[in-house]
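Quick look at target.txt (compact mmCIF, C-alpha atoms):
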# COMPACT_ATOMS: atom_id res chain seq x y z
CA MET A 1 -17.84 6.83 -13.35
CA LYS A 2 -18.98 3.45 -14.59
CA HIS A 3 -19.07 1.00 -11.71
CA ASP A 4 -17.74 -2.43 -12.75
CA LEU A 5 -17.19 -4.37 -9.54
CA LYS A 6 -15.88 -7.56 -11.16
CA ARG A 7 -13.33 -5.72 -13.29
CA GLY A 8 -12.20 -3.52 -10.40
CA ALA A 9 -11.85 -6.46 -8.02
CA PHE A 10 -9.90 -8.53 -10.56
CA LEU A 11 -7.51 -5.68 -11.33
CA LEU A 12 -6.92 -4.91 -7.65
CA ILE A 13 -6.22 -8.57 -6.85
CA ALA A 14 -3.76 -8.64 -9.77
CA ALA A 15 -2.12 -5.46 -8.45
CA THR A 16 -1.58 -7.05 -5.03
CA LEU A 17 -0.05 -10.10 -6.73
CA PHE A 18 2.52 -7.97 -8.56
CA THR A 19 3.24 -6.07 -5.34
CA ALA A 20 3.86 -9.36 -3.51
CA MET A 21 6.19 -10.54 -6.28
CA LEU A 22 7.93 -7.17 -6.15
CA ASN A 23 8.55 -7.54 -2.41
CA ALA A 24 9.85 -11.07 -2.94
CA LEU A 25 12.39 -9.82 -5.49
CA GLN A 26 13.40 -7.01 -3.13
CA LYS A 27 13.91 -9.65 -0.46
CA VAL A 28 16.22 -11.60 -2.79
CA THR A 29 18.29 -8.62 -3.93
CA GLY A 30 18.28 -6.97 -0.49
CA ALA A 31 20.63 -9.61 0.83
CA ARG A 32 23.41 -8.42 -1.50
CA LEU A 33 22.60 -4.92 -2.76
CA SER A 34 22.12 -1.57 -1.04
CA VAL A 35 18.63 -0.35 -0.24
CA PHE A 36 19.27 2.84 -2.22
CA GLU A 37 20.42 0.85 -5.24
CA ILE A 38 17.26 -1.26 -5.23
CA ILE A 39 14.95 1.75 -4.83
CA PHE A 40 16.81 3.72 -7.51
CA PHE A 41 16.20 1.04 -10.12
CA ARG A 42 12.65 0.51 -8.88
CA ASN A 43 11.74 4.16 -9.48
CA LEU A 44 13.83 4.61 -12.64
CA LEU A 45 12.43 1.54 -14.39
CA SER A 46 8.86 2.14 -13.25
CA LEU A 47 8.92 5.69 -14.65
CA PRO A 48 7.90 4.59 -18.21
CA PHE A 49 4.81 2.91 -16.74
CA VAL A 50 3.94 6.04 -14.77
CA MET A 51 4.33 8.09 -17.95
CA LEU A 52 2.03 5.64 -19.73
CA ILE A 53 -0.69 6.34 -17.16
CA ALA A 54 -0.08 10.08 -17.34
CA ALA A 55 -0.24 10.10 -21.15
CA ARG A 56 -3.85 8.91 -21.03
CA THR A 57 -5.11 11.81 -18.91
CA GLY A 58 -2.64 14.55 -19.74
CA MET A 59 1.04 14.47 -18.82
CA THR A 60 2.22 17.57 -16.98
CA LEU A 61 4.76 18.45 -14.31
CA ARG A 62 3.42 21.99 -13.98
CA THR A 63 2.69 22.68 -10.32
CA SER A 64 2.36 25.54 -7.87
CA HIS A 65 3.02 23.26 -4.89
CA PHE A 66 6.53 21.97 -5.50
CA GLY A 67 7.24 22.03 -1.75
CA GLY A 68 4.31 19.69 -1.18
CA HIS A 69 5.58 17.25 -3.82
CA LEU A 70 9.06 17.42 -2.29
CA MET A 71 7.75 16.62 1.19
CA ARG A 72 5.46 13.87 -0.12
CA SER A 73 8.35 12.25 -2.00
CA ALA A 74 10.63 12.46 1.06
CA VAL A 75 8.06 10.72 3.25
CA GLY A 76 7.25 8.22 0.49
CA LEU A 77 10.93 7.44 0.03
CA THR A 78 11.26 6.82 3.76
CA SER A 79 8.33 4.42 3.59
CA MET A 80 9.87 2.63 0.59
CA ILE A 81 13.21 2.24 2.40
CA MET A 82 11.43 0.78 5.41
CA VAL A 83 9.64 -1.74 3.20
CA VAL A 84 12.89 -2.96 1.60
CA VAL A 85 14.59 -3.21 5.00
CA THR A 86 11.75 -5.20 6.53
CA VAL A 87 11.04 -7.60 3.64
CA THR A 88 14.75 -8.44 3.62
CA ARG A 89 14.66 -9.52 7.27
CA LEU A 90 11.09 -10.63 7.97
CA PRO A 91 8.83 -13.31 6.52
CA LEU A 92 6.86 -11.78 3.65
CA ALA A 93 3.49 -12.50 5.28
CA ASP A 94 4.55 -10.86 8.56
CA GLN A 95 5.68 -7.70 6.80
CA GLN A 96 2.50 -7.64 4.73
CA VAL A 97 0.13 -7.98 7.67
CA LEU A 98 1.87 -5.21 9.63
CA SER A 99 1.58 -2.92 6.60
CA TYR A 100 -2.20 -3.27 6.95
CA THR A 101 -2.03 -1.08 10.07
CA GLN A 102 -1.93 1.97 7.76
CA PRO A 103 -5.71 2.65 8.00
CA LEU A 104 -5.42 2.52 11.80
CA PHE A 105 -2.68 5.14 11.81
CA LEU A 106 -4.77 7.24 9.39
CA VAL A 107 -7.43 7.48 12.09
CA LEU A 108 -4.90 8.51 14.74
CA LEU A 109 -3.14 11.05 12.48
CA SER A 110 -6.42 12.60 11.38
CA ILE A 111 -6.93 13.96 14.92
CA PRO A 112 -3.88 16.30 15.16
CA LEU A 113 -3.36 16.93 11.43
CA LEU A 114 -6.93 17.23 10.11
CA HIS A 115 -8.68 18.05 13.40
CA GLU A 116 -11.16 15.25 12.82
CA ASN A 117 -13.23 13.55 15.49
CA PRO A 118 -13.24 9.80 14.67
CA SER A 119 -16.50 7.96 15.16
CA ARG A 120 -17.08 5.22 17.70
CA HIS A 121 -16.83 2.61 14.94
CA ARG A 122 -13.38 3.87 13.96
CA TRP A 123 -12.13 3.69 17.56
CA ILE A 124 -13.42 0.12 17.84
CA ALA A 125 -11.58 -0.78 14.62
CA VAL A 126 -8.36 0.84 15.88
CA SER A 127 -8.58 -1.09 19.15
CA ILE A 128 -9.15 -4.39 17.34
CA GLY A 129 -6.34 -3.71 14.88
CA PHE A 130 -3.69 -2.88 17.44
CA SER A 131 -4.70 -5.86 19.55
CA GLY A 132 -3.81 -7.87 16.44
CA VAL A 133 -0.36 -6.26 16.44
CA VAL A 134 0.10 -7.41 20.05
CA VAL A 135 -0.96 -10.95 19.08
CA VAL A 136 1.60 -10.99 16.25
CA ALA A 137 4.28 -9.76 18.68
CA LEU A 138 3.38 -12.40 21.28
CA GLY A 139 3.42 -15.09 18.61
CA LYS A 140 7.00 -14.15 17.73
CA GLY A 141 8.09 -13.90 21.37
CA LEU A 142 8.87 -10.20 21.01
CA LEU A 143 7.29 -9.34 24.36
CA GLN A 144 8.97 -12.18 26.23
CA PRO A 145 12.42 -11.95 27.84
CA GLY A 146 15.29 -14.08 26.68
CA PRO A 147 17.23 -14.60 23.45
CA ALA A 148 15.28 -14.89 20.26
CA SER A 149 16.21 -15.27 16.63
CA VAL A 150 13.44 -12.90 15.58
CA PRO A 151 14.81 -9.39 14.87
CA GLY A 152 12.46 -7.40 17.07
CA TRP A 153 13.64 -4.07 15.67
CA ALA A 154 12.57 -5.18 12.18
CA TYR A 155 9.01 -5.75 13.42
CA ALA A 156 9.10 -2.29 15.00
CA VAL A 157 10.22 -0.80 11.67
CA ALA A 158 7.44 -2.70 9.84
CA LEU A 159 4.88 -1.29 12.25
CA ALA A 160 6.34 2.21 11.93
CA GLN A 161 6.10 1.86 8.15
CA GLY A 162 2.34 1.64 8.56
CA ALA A 163 2.41 5.06 10.25
CA VAL A 164 4.71 6.56 7.60
CA GLY A 165 2.51 5.07 4.85
CA ALA A 166 -0.54 6.66 6.48
CA LEU A 167 1.23 10.03 6.50
CA THR A 168 2.02 9.59 2.80
CA THR A 169 -1.65 8.87 2.07
CA MET A 170 -2.66 11.98 3.98
CA GLN A 171 -0.20 14.10 1.99
CA ILE A 172 -1.60 12.72 -1.26
CA ARG A 173 -5.10 13.67 -0.15
CA GLN A 174 -3.96 17.21 0.58
CA LEU A 175 -2.15 17.55 -2.76
CA SER A 176 -5.13 16.09 -4.61
CA ALA A 177 -7.12 19.19 -3.73
CA THR A 178 -5.14 21.15 -6.35
CA GLU A 179 -3.02 18.58 -8.24
CA SER A 180 -4.01 15.72 -10.54
CA SER A 181 -3.12 12.18 -9.60
CA THR A 182 -0.83 11.87 -12.65
CA THR A 183 1.11 14.99 -11.67
CA ILE A 184 1.58 13.60 -8.15
CA ALA A 185 2.76 10.23 -9.52
CA LEU A 186 5.16 11.84 -12.00
CA TRP A 187 6.78 14.09 -9.40
CA GLN A 188 7.10 11.14 -7.03
CA ALA A 189 8.89 8.99 -9.59
CA VAL A 190 11.20 11.82 -10.73
CA LEU A 191 12.11 13.10 -7.26
CA MET A 192 12.65 9.62 -5.79
CA THR A 193 14.88 8.63 -8.70
CA ILE A 194 17.00 11.77 -8.23
CA ALA A 195 17.14 11.37 -4.43
CA THR A 196 18.35 7.76 -4.59
CA ALA A 197 20.84 8.55 -7.38
CA ILE A 198 22.76 10.98 -5.12
CA PRO A 199 24.12 8.37 -2.64
CA LEU A 200 24.45 5.70 -5.35
CA PRO A 201 28.22 6.19 -6.03
CA PHE A 202 28.95 5.64 -2.32
CA VAL A 203 26.89 2.46 -1.89
CA TRP A 204 27.16 0.95 -5.36
CA THR A 205 27.62 -2.79 -5.72
CA THR A 206 27.87 -4.14 -9.24
CA PRO A 207 24.88 -6.47 -9.63
CA ARG A 208 25.38 -10.03 -10.76
CA MET A 209 23.44 -11.11 -13.81
CA ASP A 210 20.62 -12.62 -11.73
CA ASP A 211 20.49 -9.50 -9.53
CA ALA A 212 20.32 -7.27 -12.61
CA LEU A 213 17.39 -9.27 -13.96
CA CYS A 214 15.68 -9.00 -10.57
CA LEU A 215 16.15 -5.20 -10.56
CA VAL A 216 14.60 -4.92 -14.02
CA ALA A 217 11.67 -7.03 -12.82
CA VAL A 218 11.35 -4.91 -9.65
CA GLY A 219 10.88 -1.76 -11.73
CA ALA A 220 8.52 -3.47 -14.17
CA PHE A 221 6.40 -5.04 -11.43
CA ALA A 222 6.18 -1.72 -9.56
CA GLY A 223 4.97 0.01 -12.72
CA ILE A 224 2.52 -2.76 -13.63
CA ALA A 225 1.11 -2.80 -10.08
CA GLN A 226 0.56 0.96 -10.24
CA ILE A 227 -1.22 0.72 -13.59
CA LEU A 228 -3.45 -2.12 -12.36
CA GLN A 229 -4.31 -0.28 -9.15
CA THR A 230 -5.08 2.91 -11.05
CA GLU A 231 -7.36 1.05 -13.46
CA ALA A 232 -9.01 -0.81 -10.57
CA PHE A 233 -10.03 2.35 -8.73
CA ALA A 234 -11.12 3.89 -12.02
CA SER A 235 -13.42 0.92 -12.61
CA ALA A 236 -15.26 0.76 -9.30
CA GLN A 237 -15.85 2.59 -6.06
CA VAL A 238 -13.03 2.37 -3.53
CA SER A 239 -15.39 1.32 -0.74
CA ALA A 240 -16.66 -1.57 -2.88
CA ILE A 241 -13.36 -3.08 -4.01
CA GLY A 242 -11.23 -2.00 -1.03
CA PRO A 243 -11.54 -5.37 0.77
CA PHE A 244 -9.89 -7.11 -2.19
CA ALA A 245 -6.65 -5.26 -1.35
CA TYR A 246 -6.24 -7.70 1.53
CA SER A 247 -5.64 -10.48 -0.99
CA GLY A 248 -2.02 -9.31 -0.83
CA LEU A 249 -1.67 -11.26 2.42
CA LEU A 250 -2.60 -14.48 0.62
CA TRP A 251 -0.04 -13.85 -2.13
CA ALA A 252 2.66 -12.93 0.41
CA ALA A 253 1.97 -16.06 2.46
CA LEU A 254 2.05 -18.34 -0.61
CA ILE A 255 5.22 -16.80 -2.04
CA GLY A 256 6.88 -16.86 1.38
CA TRP A 257 5.87 -20.49 1.92
CA PHE A 258 6.91 -21.92 -1.46
CA GLY A 259 9.72 -19.50 -2.27
CA PHE A 260 11.41 -19.00 1.11
CA ALA A 261 10.06 -21.85 3.28
CA GLU A 262 8.32 -19.32 5.55
CA VAL A 263 5.44 -21.11 7.24
CA PRO A 264 2.99 -18.69 8.92
CA GLY A 265 2.50 -19.36 12.63
CA ILE A 266 -0.69 -19.35 14.67
CA GLY A 267 0.18 -15.99 16.23
CA MET A 268 0.66 -14.33 12.86
CA LEU A 269 -2.55 -15.81 11.44
CA SER A 270 -4.57 -14.80 14.51
CA GLY A 271 -3.13 -11.29 14.49
CA ALA A 272 -3.77 -11.03 10.76
CA LEU A 273 -7.46 -11.85 11.29
CA LEU A 274 -7.74 -9.04 13.83
CA ILE A 275 -5.83 -6.46 11.74
CA VAL A 276 -7.59 -7.31 8.48
CA GLY A 277 -10.91 -7.49 10.32
CA SER A 278 -10.40 -3.99 11.68
CA GLY A 279 -9.71 -2.69 8.17
CA LEU A 280 -12.84 -4.36 6.80
CA TRP A 281 -14.83 -2.91 9.69
CA MET A 282 -13.73 0.59 8.70
CA LEU A 283 -14.44 -0.01 5.02
CA ARG A 284 -17.93 -1.24 5.87
CA HIS A 285 -18.81 1.77 8.01
CA ASP A 286 -17.17 4.23 5.60
CA ARG A 287 -19.51 3.26 2.75
CA PRO A 288 -22.01 5.97 1.94
CA LYS A 289 -25.48 4.95 3.05
CA ARG A 290 -28.01 4.57 0.30
CA ARG A 291 -30.85 6.99 0.60
CA LYS A 292 -34.25 5.41 0.34
CA PRO A 293 -36.44 7.06 -2.28
CA ALA A 294 -39.42 8.81 -0.81
CA ASN A 295 -42.81 7.56 -1.99
CA HIS A 296 -44.78 10.52 -0.59
CA GLY A 297 -47.80 8.30 -0.08
CA MET A 298 -47.66 6.76 -3.56
CA MET A 299 -48.03 3.06 -4.15
CA PRO A 300 -44.72 1.22 -4.82
CA PRO A 301 -44.20 0.31 -8.50
CA VAL A 302 -45.32 -3.15 -9.52
CA LYS A 303 -42.44 -5.44 -10.50
CA GLY A 304 -42.29 -5.80 -14.25
CA ALA A 305 -44.55 -2.84 -14.93
CA GLN A 306 -43.54 -0.31 -17.54
CA PRO A 307 -42.73 3.26 -16.33
Could you show the structure in this file as structure tokens?
Amino acid sequence: MKHDLKRGAFLLIAATLFTAMLNALQKVTGARLSVFEIIFFRNLLSLPFVMLIAARTGMTLRTSHFGGHLMRSAVGLTSMIMVVVTVTRLPLADQQVLSYTQPLFLVLLSIPLLHENPSRHRWIAVSIGFSGVVVVALGKGLLQPGPASVPGWAYAVALAQGAVGALTTMQIRQLSATESSTTIALWQAVLMTIATAIPLPFVWTTPRMDDALCLVAVGAFAGIAQILQTEAFASAQVSAIGPFAYSGLLWAALIGWFGFAEVPGIGMLSGALLIVGSGLWMLRHDRPKRRKPANHGMMPPVKGAQP
């Protein structure tokens, strides 16, 4: 694979921007429309973009692990519902920073599910990350008695979404052993669209014109973000461009500030530093170490000399 760090970083930053705009639109429509209605249109209208990706590498739904796709889509749908619920009720930056706990939960889930033994560096990162969660909670008064306008349950759901998202990632890794990434993405889009269409007649609210436009944009932005992310990780190594995924916090904070008058507090910013720092710590120690070439007693090559 050709390693183009600049291209990969730019595409991943763009993907996080579209994801932040997507969450902002879900926040707007979530105040009036059902969660299932929003997710139905998100998956239905993003399907053409998924098919566009699949067409480049070979579009196929043929699989011998339909049960795995079904389980992965069920868990992914749960995660998507949790995202819509939390962005509707929480500041965008708060929801975004709590979603960054996913790598921490990946470490914890790898013990019972994959029988892994995390390294000391991973345990340090997990400890730092969850201390950041406590700082965010303290900053919002969630651990203090007395009435508060902050919906504490929504923060709990946002944190739980990190765990569910980690489980989704783990399922994708397991399916990737036998299935292509395009097959996984296609089954996800198809199964999630069907699953959210079933309850639609019971929760349907006719969208207003502005809501309808938002739903179209939600599907388009979801598809564009997926294309950009796919191209980003095809352009450069994950360990190299992974830190740029945290640019999503900047976009969420800016959109929340200027679009919804959500000013990040000291507690959220301090907790974000700890959570993001823990993720960067793991990315740094997960990079494969470069092996030094052995000279076997030979003199090192002179700079500028011809081979």
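Distances here use all atoms listed in the file; by that measure, the residue among A:Met21, A:Leu250, A:Val50, A:Ala185 closest to Pro264 of chain A is A:Leu250.
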(message) Could you check which residues have any atom within 12 Å of (23.2, -14.0, -1.0), counting only C-alpha atoms with coordinates taken straight from the file, and then list them as an MDAnalysis selection string?
(response) chainID A and resid 27:33 88 207:208 210:211
(message) Taking (9.6, 0.0, -18.0) in the coordinates of the supplied file, I want to know which residues reach to within 8 Å of it, counting all atoms listed in the file; could you give the answer as a ChimeraX atom specification?
(response) /A:45-49,219-220,223
(request) May I ask which of the residues A:Ala236, A:Ala245, A:Ala253, A:Ile39 is the closest one to Leu90 of chain A, counting all atoms listed in the file? (result)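 Among the listed residues, A:Ala253 lies closest to Leu90 of chain A.
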(request) One decimal, Å: what's the distance from atom CA of Gly242 of chain A over to atom CA of Ile13 of chain A, could you say? (result)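 Computing it gives 10.1 Å between the two atoms.
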(message) Show me, as a ChimeraX atom specification, the residues that have an atom within 9 Å of segment 17-19 of chain A when counting all atoms listed in the file, minus same-chain residues fewer than 5 positions from it.
(response) /A:12,24,221-222,224-226,247-248,250-252
(message) List as a list of chain:residue names the protein and nucleic acid residues near Val136 of chain A, meaning an atom at most 6 Å away when all atoms listed in the file are counted, but skip any in the same chain fewer than 2 places from it.
(response)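 The neighbour list is A:Val133, A:Val134, A:Leu138, A:Gly139, A:Gly267, A:Met268, A:Gly271.
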(request) Can you pull out every residue within 7 Å of segment 152-164 of chain A, counting only C-alpha atoms, but drop anything in the same chain fewer than 4 positions away, and send it as a list of chain:residue names? (result) A:Val75, A:Ser79, A:Met82, A:Thr86, A:Arg89, A:Gln95, A:Leu98, A:Ser99, A:Tyr100, A:Thr101, A:Gln102, A:Phe105, A:Leu142, A:Thr168
(request) Skip Pro103 of chain A itself and residues of its chain fewer than 6 positions away, then list as a ChimeraX atom specification all residues within 10 Å of it, counting only C-alpha atoms. (result) /A:109,122,125-126,129,162-163,165-166,169,275,278-279,282-283
(request) Excluding Trp204 of chain A and residues on its chain fewer than 3 positions from it, collect all residues at most 9 Å away from it, counting only C-alpha atoms, and give them as a count of residues only. (result) 8
(message) Please determine, counting all atoms listed in the file, which residue among A:Glu179, A:Glu116, A:Glu231, A:Asp94 has the shortest atom-to-atom distance to His65 of chain A.
(response) A:Glu179
